[in-house]
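Dropping run.cif in here (mmCIF, C-alpha atoms):
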data_entry
#
loop_
_atom_site.label_atom_id
_atom_site.label_comp_id
_atom_site.auth_asym_id
_atom_site.auth_seq_id
_atom_site.Cartn_x
_atom_site.Cartn_y
_atom_site.Cartn_z
CA VAL A 1 -10.90 -16.64 -26.88
CA LEU A 2 -7.99 -18.52 -28.47
CA ALA A 3 -6.50 -19.32 -25.04
CA ARG A 4 -9.82 -20.72 -23.80
CA THR A 5 -10.29 -22.73 -26.99
CA ILE A 6 -6.85 -24.30 -26.63
CA ALA A 7 -7.48 -25.12 -22.96
CA GLU A 8 -10.81 -26.77 -23.77
CA PHE A 9 -9.28 -28.74 -26.64
CA GLN A 10 -6.55 -30.01 -24.33
CA ALA A 11 -9.20 -31.00 -21.77
CA VAL A 12 -11.02 -33.02 -24.44
CA GLN A 13 -7.76 -34.73 -25.38
CA ALA A 14 -7.23 -35.61 -21.72
CA GLY A 15 -10.73 -37.03 -21.42
CA GLU A 16 -11.98 -34.19 -19.24
CA VAL A 17 -14.98 -33.20 -21.32
CA ARG A 18 -17.06 -30.61 -19.49
CA GLN A 19 -20.62 -31.64 -18.74
CA GLY A 20 -21.86 -28.24 -17.68
CA LEU A 21 -22.65 -26.93 -14.21
CA GLU A 22 -22.50 -29.56 -11.50
CA ALA A 23 -22.87 -29.60 -7.72
CA LYS A 24 -21.14 -31.74 -5.13
CA PRO A 25 -21.81 -32.48 -1.45
CA LEU A 26 -20.35 -29.93 0.96
CA SER A 27 -18.53 -32.81 2.65
CA GLU A 28 -16.54 -33.33 -0.54
CA VAL A 29 -15.64 -29.64 -0.62
CA LEU A 30 -14.56 -29.68 3.03
CA ALA A 31 -12.36 -32.71 2.38
CA GLY A 32 -10.25 -30.74 -0.08
CA ARG A 33 -6.87 -29.16 0.67
CA ASP A 34 -6.51 -25.62 2.04
CA ASP A 35 -2.92 -25.08 0.93
CA TYR A 36 -2.08 -21.63 -0.40
CA ASP A 37 -0.61 -21.48 -3.89
CA TRP A 38 1.75 -18.67 -2.96
CA VAL A 39 3.43 -16.44 -5.47
CA ILE A 40 4.75 -14.12 -2.75
CA GLN A 41 4.59 -15.74 0.69
CA GLY A 42 1.96 -14.12 2.90
CA LEU A 43 0.97 -11.52 0.29
CA LEU A 44 -0.22 -12.92 -3.04
CA GLU A 45 -1.25 -16.30 -4.33
CA ARG A 46 -2.16 -17.22 -7.87
CA ARG A 47 -5.32 -15.57 -9.22
CA ASP A 48 -5.32 -12.85 -6.53
CA ARG A 49 -6.25 -9.34 -7.67
CA LEU A 50 -4.77 -6.28 -5.96
CA VAL A 51 -5.80 -2.72 -6.85
CA LEU A 52 -3.65 0.03 -5.32
CA THR A 53 -4.87 3.63 -5.29
CA GLY A 54 -3.62 7.00 -4.14
CA GLY A 55 -3.71 10.65 -4.98
CA GLU A 56 -1.59 12.15 -7.71
CA GLY A 57 2.06 12.05 -6.64
CA ALA A 58 1.39 9.86 -3.60
CA GLY A 59 3.95 7.31 -4.75
CA LYS A 60 1.71 4.40 -5.77
CA SER A 61 3.57 3.89 -9.07
CA THR A 62 6.87 3.82 -7.18
CA TYR A 63 5.49 1.22 -4.77
CA VAL A 64 4.11 -0.98 -7.56
CA ARG A 65 7.47 -0.78 -9.34
CA GLN A 66 9.25 -1.76 -6.12
CA LEU A 67 6.90 -4.75 -5.68
CA ALA A 68 7.73 -5.95 -9.18
CA ILE A 69 11.50 -5.50 -9.00
CA LEU A 70 12.04 -6.92 -5.52
CA SER A 71 9.87 -10.01 -6.01
CA ALA A 72 11.61 -10.75 -9.32
CA SER A 73 14.98 -10.40 -7.51
CA GLY A 74 14.05 -12.98 -4.89
CA ILE A 75 13.49 -10.35 -2.19
CA HIS A 76 10.26 -10.32 -0.20
CA PRO A 77 8.77 -6.85 -0.82
CA THR A 78 7.64 -6.28 2.78
CA THR A 79 10.08 -8.27 4.96
CA PHE A 80 13.08 -7.96 2.57
CA GLU A 81 13.97 -11.58 3.29
CA GLN A 82 15.15 -13.97 0.57
CA ILE A 83 12.35 -15.76 -1.31
CA PRO A 84 12.17 -17.86 -4.49
CA PRO A 85 12.35 -15.40 -7.40
CA VAL A 86 9.00 -14.53 -8.97
CA ARG A 87 8.46 -14.38 -12.74
CA VAL A 88 7.22 -10.85 -13.42
CA LEU A 89 5.60 -9.29 -16.48
CA VAL A 90 4.80 -5.58 -16.51
CA VAL A 91 2.40 -4.06 -19.04
CA ASP A 92 2.60 -0.31 -18.46
CA ALA A 93 0.02 1.72 -20.37
CA GLU A 94 1.09 5.06 -18.91
CA ASN A 95 4.87 5.36 -18.50
CA SER A 96 7.47 5.23 -21.26
CA GLU A 97 10.68 3.21 -21.32
CA LYS A 98 12.61 6.44 -20.69
CA GLN A 99 10.53 7.09 -17.55
CA TRP A 100 11.17 3.52 -16.40
CA ARG A 101 14.93 3.96 -16.88
CA ARG A 102 14.96 7.07 -14.73
CA ALA A 103 12.64 5.75 -12.02
CA ALA A 104 13.78 2.13 -11.74
CA ARG A 105 17.57 2.37 -12.02
CA GLY A 106 18.23 2.94 -8.30
CA VAL A 107 16.05 0.13 -6.98
CA VAL A 108 17.35 -2.24 -9.67
CA GLU A 109 20.98 -1.54 -8.74
CA ARG A 110 20.33 -2.18 -5.07
CA ALA A 111 18.31 -5.34 -5.79
CA GLN A 112 21.20 -6.60 -7.95
CA ARG A 113 23.46 -6.35 -4.89
CA VAL A 114 21.21 -8.05 -2.34
CA GLY A 115 18.90 -10.30 -4.36
CA SER A 116 19.52 -13.76 -5.80
CA VAL A 117 18.49 -12.86 -9.37
CA ASP A 118 19.25 -9.83 -11.54
CA PRO A 119 15.90 -8.02 -11.93
CA ALA A 120 17.17 -6.29 -15.07
CA GLN A 121 16.96 -9.73 -16.70
CA ALA A 122 14.06 -11.18 -14.72
CA VAL A 123 11.47 -8.41 -15.19
CA HIS A 124 9.91 -8.26 -18.64
CA LEU A 125 8.46 -4.85 -19.47
CA ALA A 126 6.05 -3.82 -22.22
CA CYS A 127 5.39 -0.08 -22.41
CA ALA A 128 2.44 0.72 -24.61
CA PRO A 129 0.25 3.70 -25.35
CA ARG A 130 -3.26 3.47 -24.03
CA LEU A 131 -4.63 -0.08 -24.45
CA ASP A 132 -8.22 -1.11 -24.96
CA LEU A 133 -8.53 -4.53 -23.36
CA THR A 134 -12.17 -4.70 -24.39
CA ARG A 135 -10.87 -5.19 -27.97
CA ASP A 136 -9.86 -8.74 -28.83
CA ALA A 137 -6.75 -7.56 -30.69
CA HIS A 138 -5.33 -5.70 -27.68
CA LEU A 139 -6.32 -8.35 -25.16
CA GLY A 140 -4.78 -11.00 -27.38
CA GLN A 141 -1.46 -9.15 -27.34
CA VAL A 142 -1.33 -9.40 -23.55
CA HIS A 143 -2.26 -13.09 -23.67
CA ARG A 144 0.58 -13.68 -26.12
CA LEU A 145 3.01 -12.01 -23.70
CA ILE A 146 1.76 -14.36 -20.98
CA ASP A 147 2.33 -17.30 -23.34
CA ARG A 148 5.89 -16.12 -24.00
CA TYR A 149 7.04 -15.21 -20.50
CA THR A 150 4.76 -17.38 -18.24
CA PRO A 151 4.68 -14.82 -15.41
CA ASP A 152 3.63 -15.55 -11.85
CA VAL A 153 2.50 -11.94 -11.42
CA LEU A 154 1.20 -9.56 -14.07
CA PHE A 155 1.51 -5.87 -13.23
CA ILE A 156 -0.82 -4.03 -15.60
CA GLY A 157 -2.39 -0.61 -15.74
CA PRO A 158 -3.28 1.88 -14.57
CA LEU A 159 -6.92 0.93 -14.95
CA TYR A 160 -8.03 4.15 -16.60
CA ARG A 161 -5.50 3.55 -19.41
CA LEU A 162 -6.86 0.10 -20.26
CA THR A 163 -10.05 1.33 -21.89
CA PRO A 164 -10.70 4.39 -24.08
CA ARG A 165 -13.75 5.49 -22.10
CA ALA A 166 -14.04 6.81 -18.57
CA ILE A 167 -15.15 4.07 -16.17
CA THR A 168 -18.15 5.96 -14.82
CA ASN A 169 -20.71 3.17 -14.36
CA ASP A 170 -21.06 -0.60 -14.21
CA ASP A 171 -21.68 -0.84 -17.96
CA ASP A 172 -18.29 0.80 -18.56
CA ALA A 173 -16.54 -1.38 -15.99
CA ALA A 174 -18.00 -4.79 -16.86
CA PRO A 175 -16.20 -5.40 -20.20
CA LEU A 176 -12.85 -4.29 -18.79
CA LEU A 177 -13.14 -6.42 -15.66
CA ALA A 178 -14.22 -9.41 -17.76
CA ALA A 179 -11.15 -8.94 -19.96
CA LEU A 180 -8.84 -8.70 -16.94
CA ASP A 181 -10.39 -11.87 -15.54
CA THR A 182 -9.35 -13.76 -18.68
CA LEU A 183 -5.77 -12.81 -17.79
CA ARG A 184 -6.31 -13.90 -14.20
CA ASP A 185 -7.66 -17.22 -15.49
CA ARG A 186 -4.18 -17.92 -16.84
CA GLY A 187 -3.10 -18.59 -13.23
CA VAL A 188 -1.34 -15.28 -12.62
CA ALA A 189 -1.79 -12.81 -9.79
CA LEU A 190 -2.85 -9.37 -11.00
CA VAL A 191 -1.49 -6.14 -9.52
CA MET A 192 -3.00 -2.89 -10.80
CA GLU A 193 -3.03 0.73 -9.83
CA ALA A 194 -5.93 3.15 -10.12
CA HIS A 195 -6.51 6.79 -9.38
CA ALA A 196 -8.53 7.66 -6.29
CA GLY A 197 -11.59 9.84 -6.59
CA HIS A 198 -11.61 13.44 -5.43
CA ALA A 199 -14.37 13.08 -2.82
CA VAL A 200 -13.52 13.94 0.79
CA GLY A 201 -14.69 11.64 3.59
CA ALA A 202 -16.24 12.48 6.92
CA GLY A 203 -12.84 12.92 8.57
CA GLY A 204 -11.80 15.53 6.04
CA GLU A 205 -9.39 13.20 4.21
CA ARG A 206 -9.56 12.17 0.59
CA ASP A 207 -11.56 9.03 -0.16
CA LEU A 208 -9.19 6.46 -1.63
CA ARG A 209 -11.76 4.33 -3.44
CA PRO A 210 -11.05 3.99 -7.20
CA ARG A 211 -12.44 6.74 -9.36
CA GLY A 212 -15.48 5.66 -11.36
CA SER A 213 -17.83 2.70 -11.16
CA ALA A 214 -18.67 1.07 -7.82
CA ALA A 215 -17.99 -2.27 -9.56
CA LEU A 216 -14.28 -1.54 -9.15
CA MET A 217 -14.69 -1.77 -5.38
CA GLY A 218 -16.21 -5.23 -5.29
CA TRP A 219 -13.98 -6.86 -7.88
CA PRO A 220 -10.47 -7.34 -6.37
CA GLU A 221 -9.45 -9.53 -3.45
CA PHE A 222 -7.49 -6.60 -2.01
CA GLY A 223 -8.12 -2.88 -2.40
CA MET A 224 -5.70 -0.50 -0.70
CA GLY A 225 -4.75 3.14 -0.92
CA ILE A 226 -1.69 5.16 0.09
CA ARG A 227 -2.26 8.42 1.95
CA ALA A 228 0.09 10.75 3.84
CA ASN A 229 -0.18 10.40 7.60
CA ARG A 230 -1.65 13.69 8.79
CA ASP A 231 0.14 13.50 12.18
CA ASP A 232 3.64 13.04 10.78
CA PRO A 233 5.50 16.38 10.59
CA SER A 234 8.26 14.95 8.36
CA GLY A 235 5.82 14.10 5.58
CA GLN A 236 7.57 10.76 5.05
CA LEU A 237 5.07 8.46 6.78
CA PHE A 238 2.10 7.17 4.79
CA ASP A 239 -0.90 5.11 5.85
CA VAL A 240 -2.04 2.05 3.89
CA VAL A 241 -5.82 2.34 3.93
CA ARG A 242 -8.22 -0.45 3.02
CA TRP A 243 -11.09 0.82 0.87
CA ARG A 244 -12.55 -2.67 0.79
CA GLY A 245 -12.29 -5.58 3.21
CA ASP A 246 -9.63 -8.18 2.43
CA ARG A 247 -11.06 -11.47 1.18
CA ASP A 248 -8.33 -13.35 2.99
CA GLU A 249 -5.85 -12.57 5.74
CA ARG A 250 -2.54 -11.30 4.41
CA ALA A 251 0.49 -9.48 5.80
CA TRP A 252 0.18 -6.19 3.94
CA PRO A 253 1.67 -3.28 5.92
CA LYS A 254 -0.43 -0.75 7.78
CA GLN A 255 2.01 2.09 7.12
CA MET A 256 5.02 2.78 4.91
CA GLU A 257 7.87 5.23 5.20
CA ARG A 258 9.64 6.92 2.30
CA GLY A 259 13.35 6.78 1.77
CA GLN A 260 14.50 4.34 4.45
CA GLY A 261 16.82 2.21 2.35
CA TRP A 262 14.30 1.30 -0.31
CA ALA A 263 11.94 3.85 -1.81
CA TRP A 264 9.21 2.48 0.46
CA THR A 265 9.82 0.66 3.75
CA PRO A 266 6.76 -0.99 5.35
CA THR A 267 5.93 -0.70 9.04
CA PHE A 268 3.50 -3.01 10.83
#

Starting from the file, give its structure as structure tokens.
Amino acid sequence: VLARTIAEFQAVQAGEVRQGLEAKPLSEVLAGRDDYDWVIQGLLERRDRLVLTGGEGAGKSTYVRQLAILSASGIHPTTFEQIPPVRVLVVDAENSEKQWRRAARGVVERAQRVGSVDPAQAVHLACAPRLDLTRDAHLGQVHRLIDRYTPDVLFIGPLYRLTPRAITNDDDAAPLLAALDTLRDRGVALVMEAHAGHAVGAGGERDLRPRGSAALMGWPEFGMGIRANRDDPSGQLFDVVRWRGDRDERAWPKQMERGQGWAWTPTF
């Protein structure tokens, strides 16, 4: 609320007083620019929302951590080419600082050798017990972190740890998604993880849609899950499965392999 109030006050100062809902000719819309406001070239632009799912132990937390560390280091997380470093803020409501030290040390050390920026300095991490973003006090704390660190990408979650209740229906989901959208309105890309449900699809494989309300499926721009490839005898190859259609064309991998240099190496 405070962030919106400040933004509206600044708009008044600049002479941009809002007059309410307005419409414009389609020709005026079509005359606008189509440029992407990339945060990570080909993957994420500002205000994008990505929800990544997977079964317990599938490696989704490891992949999200790798996305954060590599992009902050100036390393493209799928091509491993040099990119402009990304400002990264992580709000982890599940893992402790001790767990981060153990899990992130290896990828940080390698990124320090091959990246242009030290991710140990570039990634800002807030580990918290379960948050309730539907409470103004907790949501305000995250907004204050955005004020302080001005991230390009906010990694936050997992979703089930951002509200005290199970997200079983649209009434449960709506306040949480509205709160997350206030963070997105700050011009950041959002990357979140969620647990997949336990239902089994027609092919006998686990359904990777987020556990809980169907509203979670329609909300993000990109919804993907990680699942072991059933035809790979080594157990190292995983499929990246879309559980919702992409809202825009992006170069996310179709498969990833464990332990080929980085913790996860994409294949296309």

remark   = Using all atoms listed in the file, the best pick from A:Gln260, A:Asn229, A:Thr53, A:Ser73 as closest to Val191 in chain A would be A:Thr53

key: Option closest in space to Arg258 in chain A, from A:Gly157, A:Gly42, A:Gly245, A:Gly235 [counting all atoms listed in the file]   =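 Using all atoms listed in the file, the shortest distance to Arg258 in chain A belongs to A:Gly235.
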
task = Go through A:Cys127, A:Asp136, A:Asp248, A:Ala173 one by one, measure the shortest atom-to-atom distance of each to Lys98 in chain A using all atoms listed in the file, and give the residue with the smallest value.
result =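 Ranked by minimum distance to Lys98 in chain A, first place goes to A:Cys127.
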
key: Output check: residues returned by the PyMOL selection byres ((chain A and resi 108-117) around 8), as a VMD selection string   = chain A and resid 69 to 70 72 to 75 82 85 104 to 107 118 to 120 122

request  = Pick out the residues sitting within 10 Å of Pro220 in chain A, and hand them over as a PyMOL selection string; count only C-alpha atoms, and ignore anything fewer than 6 positions along from it in its own chain.
outcome  = chain A and resi 48-51+177+190-192+244-247

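With CA of Val39 in chain A on one side and CA of Thr150 in chain A on the other, the separation reads 12.9 Å.
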
request  = Kindly resolve the PyMOL selection byres ((chain A and resi 211) around 6) on the present coordinates and return the residues as a ChimeraX atom specification.
outcome  = /A:195-197,210,212
